[in-house]
Amino acid sequence: MQQSPESTSFYRVLVAIETDATRFYGANAIRPGMLGPSDSEQLLAHLAADLKALFPEIANCSLIAAGALFDQTQVLRPSYPVFNALESASTSNRIDRFEPRLVSIAERNGLMPNKDLQPLSDIPLGLLQLLPVVVQGPADLVSELGQLMEFRFLEEGQISAHSAAWMESAFSISVNHARFMTLTDLNAMLKLQLEHFGFLPMWELLDAALNVQTGPLKIMSEGGQAYEWKNGVVWTCFQTFDRWSNSGSGANVEAARQGLAAAYGDWTRETRQYLTTLGAHGLDVRFKLPGSDTPVQGTFLIEPGLSSSIDGDSIITEHSYAELGTIAVTASSEGKINHYYPLNPKGLNDIHAHIRETVPGVHTVAFPGTILYDEKTRCLVPDSGQSKTRH
């Protein structure tokens, strides 16, 4: 039986560009440009020269890159789709047909030929912009180069001043600092960032997702919220205020002096940060109710109140806390109370539309500026004060 030719192997590196993120926002905001065929070829030529100065043997390898910059939330996604797209552009994986070359991928009419190489336009950009590069070559050589890069990039990986100036002009960005790093370096940097802000458990979820871990993984956030990575989805329980304060992670919080409001605000803040960050990295995060494995459907959750409405209750009360905005909406109508919780940014608009359809009449809306609850029952209540605004 004829043995199949040995395959080449790939190694994933990046150029990390520290830029001025303020240019991505405001009235005159611009996002990094994408490069056409000629500029994409020049870009790769610059990078190849810088890498060859560090590792002369890299001349025996191919380099593959696209003329585009990416936010780290797009690069660090399950299965690394940006790198997979670059590797798919390889001219041949067979060692007997392999020839070292520079493979540049350019935009045409504002679009990359592979959708995974199209920079996302709907995510906020940070100060770190990334240029992924794939090194392809004989397996032994690529392995050796990869080990050298892991050690030498940290001290010697700075991009040449000539290359940095060229990229600044080509991408229409400011370049404060630019250096090569490995994918291992980037993952380690993200882990340190999350740890610094008190979200180290989130890294365990991201790490499991990035490496497509098959087995389930459960973590507990610093705020006491459980998350589970299972079958490609992150699961967590949504705790309404009434549930959280009576039998959930807030059951031991002192109710007096608005203690529950502050603590539930902290719970909401952390939960939203988990959802936002995990979602930005392409993870599917789904809510379920405590004691159930059924996912919560829709953009908002309705919970019947345990008490009845009384005279003087505001028809609509928007519970909010600090910078979080609205956390829950209480509707009091025909002797009944319902609490509505937005599950994502679209949820609040959908709650308002639902209430307009289901609660008759013209509504007055109370904005107490906090979370209103009864200290004895530890449950949400409508506003019964005088601070109301016509809706």
# chains A, B, ... in the order shown; residues from 1 in each chain; ligands from 1
call {"tool": "residues_around", "arguments": {"residues": "Gly67 in chain A", "least_positions_apart": "2", "cutoff": "6 Å", "atoms": "only C-alpha atoms", "output": "number ranges by chain"}}
result
A: 34-35, 40, 106
call {"tool": "write_last_selection", "arguments": {"atoms": "C-alpha atoms", "output": "short mmCIF file (atom, residue, chain, number, x, y, z; two decimals), in the first residue's frame"}}
result
data_model
loop_
_atom_site.label_atom_id
_atom_site.label_comp_id
_atom_site.auth_asym_id
_atom_site.auth_seq_id
_atom_site.Cartn_x
_atom_site.Cartn_y
_atom_site.Cartn_z
CA MET A 34 -9.23 46.93 4.80
CA LEU A 35 -6.52 46.48 2.21
CA SER A 40 -2.16 43.22 1.20
CA ALA A 106 -7.43 41.14 0.02
#
call {"tool": "closest_residue", "arguments": {"among": "A:Lys288, A:His162, A:His281, A:Arg12", "to": "Met202 in chain A", "atoms": "only C-alpha atoms"}}
result
A:His281
call {"tool": "closest_residue", "arguments": {"among": "A:Pro32, A:Pro201, A:Pro113, A:Gly248", "to": "Leu128 in chain A", "atoms": "only C-alpha atoms"}}
result
A:Pro32
call {"tool": "closest_residue", "arguments": {"among": "A:Gln258, A:Ser160, A:Thr240, A:Asn246", "to": "Phe300 in chain A", "atoms": "only C-alpha atoms"}}
result
A:Thr240
call {"tool": "atom_distance", "arguments": {"atom1": "CA of Ala331 in chain A", "atom2": "CA of Ile316 in chain A"}}
result
4.7 Å
call {"tool": "closest_residue", "arguments": {"among": "A:Ala263, A:Arg152, A:Gly33, A:Asn187", "to": "Gln72 in chain A", "atoms": "only C-alpha atoms"}}
result
A:Asn187
call {"tool": "select_by_dssp", "arguments": {"residues": "range 178-340 of chain A", "states": "helix (DSSP H, G or I)", "output": "PDB file with C-alpha atoms, in the first residue's frame"}}
result
ATOM      1  CA  LEU A 183      -1.889  32.788  20.250  1.00  0.00           C
ATOM      2  CA  THR A 184      -0.746  31.456  23.626  1.00  0.00           C
ATOM      3  CA  ASP A 185       0.394  34.993  24.530  1.00  0.00           C
ATOM      4  CA  LEU A 186      -2.970  36.464  23.542  1.00  0.00           C
ATOM      5  CA  ASN A 187      -4.912  33.916  25.585  1.00  0.00           C
ATOM      6  CA  ALA A 188      -2.664  34.559  28.593  1.00  0.00           C
ATOM      7  CA  MET A 189      -3.198  38.307  28.246  1.00  0.00           C
ATOM      8  CA  LEU A 190      -6.985  37.914  28.181  1.00  0.00           C
ATOM      9  CA  LYS A 191      -6.819  35.686  31.246  1.00  0.00           C
ATOM     10  CA  LEU A 192      -4.846  38.355  33.114  1.00  0.00           C
ATOM     11  CA  GLN A 193      -7.320  41.047  32.049  1.00  0.00           C
ATOM     12  CA  LEU A 194     -10.286  39.057  33.320  1.00  0.00           C
ATOM     13  CA  GLU A 195      -8.496  38.209  36.559  1.00  0.00           C
ATOM     14  CA  HIS A 196      -7.654  41.885  37.114  1.00  0.00           C
ATOM     15  CA  LEU A 200     -11.237  34.856  36.429  1.00  0.00           C
ATOM     16  CA  PRO A 201     -14.000  32.165  36.478  1.00  0.00           C
ATOM     17  CA  MET A 202     -15.165  33.553  33.124  1.00  0.00           C
ATOM     18  CA  TRP A 203     -11.789  32.622  31.654  1.00  0.00           C
ATOM     19  CA  GLU A 204     -12.476  28.952  32.423  1.00  0.00           C
ATOM     20  CA  LEU A 205     -15.659  29.143  30.323  1.00  0.00           C
ATOM     21  CA  LEU A 206     -13.876  30.926  27.475  1.00  0.00           C
ATOM     22  CA  ASP A 207     -10.969  28.491  27.559  1.00  0.00           C
ATOM     23  CA  ALA A 208     -13.335  25.514  27.380  1.00  0.00           C
ATOM     24  CA  ALA A 209     -15.211  27.097  24.468  1.00  0.00           C
ATOM     25  CA  LEU A 210     -12.102  28.188  22.548  1.00  0.00           C
ATOM     26  CA  PHE A 241     -35.656  39.629  42.367  1.00  0.00           C
ATOM     27  CA  ASP A 242     -38.305  37.716  44.343  1.00  0.00           C
ATOM     28  CA  ARG A 243     -36.606  34.376  43.731  1.00  0.00           C
ATOM     29  CA  TRP A 244     -33.088  35.720  44.291  1.00  0.00           C
ATOM     30  CA  SER A 245     -33.965  37.449  47.583  1.00  0.00           C
ATOM     31  CA  ASN A 246     -35.959  34.591  49.107  1.00  0.00           C
ATOM     32  CA  GLY A 259     -29.675  46.350  51.215  1.00  0.00           C
ATOM     33  CA  LEU A 260     -31.471  44.042  48.807  1.00  0.00           C
ATOM     34  CA  ALA A 261     -31.607  46.720  46.120  1.00  0.00           C
ATOM     35  CA  ALA A 262     -27.843  47.260  46.207  1.00  0.00           C
ATOM     36  CA  ALA A 263     -27.074  43.532  46.275  1.00  0.00           C
ATOM     37  CA  TYR A 264     -29.468  42.702  43.435  1.00  0.00           C
ATOM     38  CA  GLY A 265     -27.963  45.579  41.477  1.00  0.00           C
ATOM     39  CA  ASP A 266     -24.554  43.955  41.948  1.00  0.00           C
ATOM     40  CA  TRP A 267     -25.963  40.588  40.835  1.00  0.00           C
ATOM     41  CA  THR A 268     -27.500  42.173  37.728  1.00  0.00           C
ATOM     42  CA  ARG A 269     -24.309  44.060  36.892  1.00  0.00           C
ATOM     43  CA  GLU A 270     -22.174  40.932  37.076  1.00  0.00           C
ATOM     44  CA  THR A 271     -24.683  38.846  35.122  1.00  0.00           C
ATOM     45  CA  ARG A 272     -24.870  41.421  32.347  1.00  0.00           C
ATOM     46  CA  GLN A 273     -21.073  41.614  32.199  1.00  0.00           C
ATOM     47  CA  TYR A 274     -20.869  37.849  31.795  1.00  0.00           C
ATOM     48  CA  LEU A 275     -23.505  37.873  29.063  1.00  0.00           C
ATOM     49  CA  THR A 276     -21.928  40.798  27.225  1.00  0.00           C
ATOM     50  CA  THR A 277     -18.367  39.482  27.333  1.00  0.00           C
ATOM     51  CA  LEU A 278     -19.189  35.872  26.517  1.00  0.00           C
ATOM     52  CA  GLY A 279     -21.524  36.987  23.735  1.00  0.00           C
ATOM     53  CA  ALA A 280     -18.831  39.269  22.279  1.00  0.00           C
ATOM     54  CA  ALA A 322     -27.290  53.240  39.411  1.00  0.00           C
ATOM     55  CA  GLU A 323     -25.817  53.035  35.902  1.00  0.00           C
ATOM     56  CA  LEU A 324     -27.637  49.784  35.070  1.00  0.00           C
TER      57      LEU A 324
END
call {"tool": "residues_around", "arguments": {"residues": "range 363-371 of chain A", "least_positions_apart": "3", "cutoff": "12 Å", "atoms": "only C-alpha atoms", "output": "ChimeraX atom specification"}}
result
/A:241-242,255,257-265,268,312-333,352,355-360,374-375,378-391
call {"tool": "closest_residue", "arguments": {"among": "A:Gly36, A:Pro342, A:Gly110, A:Pro81", "to": "Gly282 in chain A", "atoms": "only C-alpha atoms"}}
result
A:Pro81
call {"tool": "decode", "arguments": {"residues": "range 10-135 of chain A", "atoms": "C-alpha atoms", "output": "compact mmCIF listing (two decimals), in the first residue's frame"}}
result
# COMPACT_ATOMS: atom_id res chain seq x y z
CA PHE A 10 0.44 25.41 10.75
CA TYR A 11 1.42 27.75 13.54
CA ARG A 12 -0.72 30.71 14.56
CA VAL A 13 0.76 34.08 15.46
CA LEU A 14 -0.49 37.66 15.52
CA VAL A 15 0.62 41.23 15.22
CA ALA A 16 -0.85 43.06 18.21
CA ILE A 17 -1.28 46.78 17.52
CA GLU A 18 -1.94 49.14 20.39
CA THR A 19 -3.83 52.04 18.88
CA ASP A 20 -5.93 55.06 19.82
CA ALA A 21 -9.41 53.64 20.42
CA THR A 22 -10.97 57.10 20.70
CA ARG A 23 -10.76 57.34 16.91
CA PHE A 24 -13.32 54.52 16.65
CA TYR A 25 -16.05 56.56 18.37
CA GLY A 26 -17.69 59.97 18.23
CA ALA A 27 -18.96 62.16 15.42
CA ASN A 28 -15.94 61.57 13.18
CA ALA A 29 -15.42 57.91 14.03
CA ILE A 30 -13.48 55.72 11.65
CA ARG A 31 -12.77 52.01 11.81
CA PRO A 32 -9.53 50.45 10.55
CA GLY A 33 -9.47 50.15 6.80
CA MET A 34 -9.23 46.93 4.80
CA LEU A 35 -6.52 46.48 2.21
CA GLY A 36 -6.79 45.74 -1.50
CA PRO A 37 -4.58 43.27 -3.39
CA SER A 38 -1.49 45.47 -3.76
CA ASP A 39 -1.45 46.71 -0.16
CA SER A 40 -2.16 43.22 1.20
CA GLU A 41 0.91 41.93 -0.66
CA GLN A 42 3.04 44.77 0.69
CA LEU A 43 1.75 44.14 4.22
CA LEU A 44 2.84 40.52 4.12
CA ALA A 45 6.20 41.48 2.63
CA HIS A 46 6.82 43.82 5.57
CA LEU A 47 5.88 41.15 8.10
CA ALA A 48 7.96 38.50 6.34
CA ALA A 49 11.02 40.76 6.49
CA ASP A 50 10.54 41.39 10.22
CA LEU A 51 10.08 37.69 10.95
CA LYS A 52 13.04 36.67 8.81
CA ALA A 53 15.24 39.07 10.77
CA LEU A 54 14.35 37.07 13.90
CA PHE A 55 14.12 33.60 12.38
CA PRO A 56 16.04 33.18 9.08
CA GLU A 57 14.68 29.63 8.66
CA ILE A 58 11.17 31.04 8.27
CA ALA A 59 12.11 31.64 4.63
CA ASN A 60 11.35 27.93 4.18
CA CYS A 61 7.76 28.47 5.30
CA SER A 62 4.70 30.14 3.84
CA LEU A 63 3.01 33.08 5.54
CA ILE A 64 -0.74 33.60 5.18
CA ALA A 65 -2.51 36.81 6.26
CA ALA A 66 -5.49 38.96 5.33
CA GLY A 67 -5.38 42.70 4.81
CA ALA A 68 -7.60 43.44 7.78
CA LEU A 69 -7.45 44.08 11.52
CA PHE A 70 -9.65 42.33 14.06
CA ASP A 71 -10.76 42.96 17.60
CA GLN A 72 -9.65 40.27 20.05
CA THR A 73 -13.30 39.29 20.63
CA GLN A 74 -13.49 38.22 16.98
CA VAL A 75 -10.17 36.38 17.02
CA LEU A 76 -10.78 34.57 20.31
CA ARG A 77 -13.92 32.64 19.38
CA PRO A 78 -14.74 28.93 19.58
CA SER A 79 -12.62 26.97 17.07
CA TYR A 80 -10.81 30.17 16.07
CA PRO A 81 -12.72 30.84 12.81
CA VAL A 82 -10.37 33.65 11.65
CA PHE A 83 -7.34 31.37 11.80
CA ASN A 84 -9.25 28.48 10.23
CA ALA A 85 -10.18 30.75 7.32
CA LEU A 86 -6.54 31.73 6.83
CA GLU A 87 -5.43 28.10 6.89
CA SER A 88 -8.05 27.22 4.30
CA ALA A 89 -6.29 29.61 1.92
CA SER A 90 -3.20 27.37 1.88
CA THR A 91 -2.19 26.41 -1.63
CA SER A 92 -1.39 22.83 -0.60
CA ASN A 93 -1.13 20.84 2.63
CA ARG A 94 0.95 18.06 1.05
CA ILE A 95 4.66 18.30 1.78
CA ASP A 96 5.59 16.96 -1.67
CA ARG A 97 3.71 19.83 -3.31
CA PHE A 98 4.61 22.52 -0.80
CA GLU A 99 6.51 25.62 -1.89
CA PRO A 100 7.17 28.52 0.48
CA ARG A 101 5.28 31.62 -0.56
CA LEU A 102 3.45 34.67 0.74
CA VAL A 103 -0.33 34.21 0.56
CA SER A 104 -2.16 37.52 1.02
CA ILE A 105 -5.94 37.82 1.11
CA ALA A 106 -7.43 41.14 0.02
CA GLU A 107 -10.78 42.87 0.12
CA ARG A 108 -12.80 43.55 -2.99
CA ASN A 109 -15.59 46.11 -2.91
CA GLY A 110 -15.40 46.21 0.88
CA LEU A 111 -15.73 42.45 1.34
CA MET A 112 -13.29 39.68 2.15
CA PRO A 113 -13.62 36.46 0.10
CA ASN A 114 -14.31 34.48 3.28
CA LYS A 115 -17.00 35.74 5.69
CA ASP A 116 -14.88 34.71 8.68
CA LEU A 117 -12.22 37.18 7.53
CA GLN A 118 -14.67 40.08 7.40
CA PRO A 119 -14.07 42.37 10.40
CA LEU A 120 -17.30 42.63 12.38
CA SER A 121 -18.86 46.07 12.18
CA ASP A 122 -21.30 45.67 15.07
CA ILE A 123 -18.86 45.22 17.96
CA PRO A 124 -17.19 48.03 19.90
CA LEU A 125 -13.48 48.15 19.16
CA GLY A 126 -10.82 48.27 21.86
CA LEU A 127 -7.36 49.80 21.81
CA LEU A 128 -5.81 46.46 20.83
CA GLN A 129 -6.24 45.54 17.17
CA LEU A 130 -4.95 42.21 15.87
CA LEU A 131 -3.51 41.04 12.59
CA PRO A 132 -3.55 37.21 12.53
CA VAL A 133 -0.79 35.44 10.59
CA VAL A 134 -0.42 31.73 9.86
CA VAL A 135 2.99 30.12 9.39
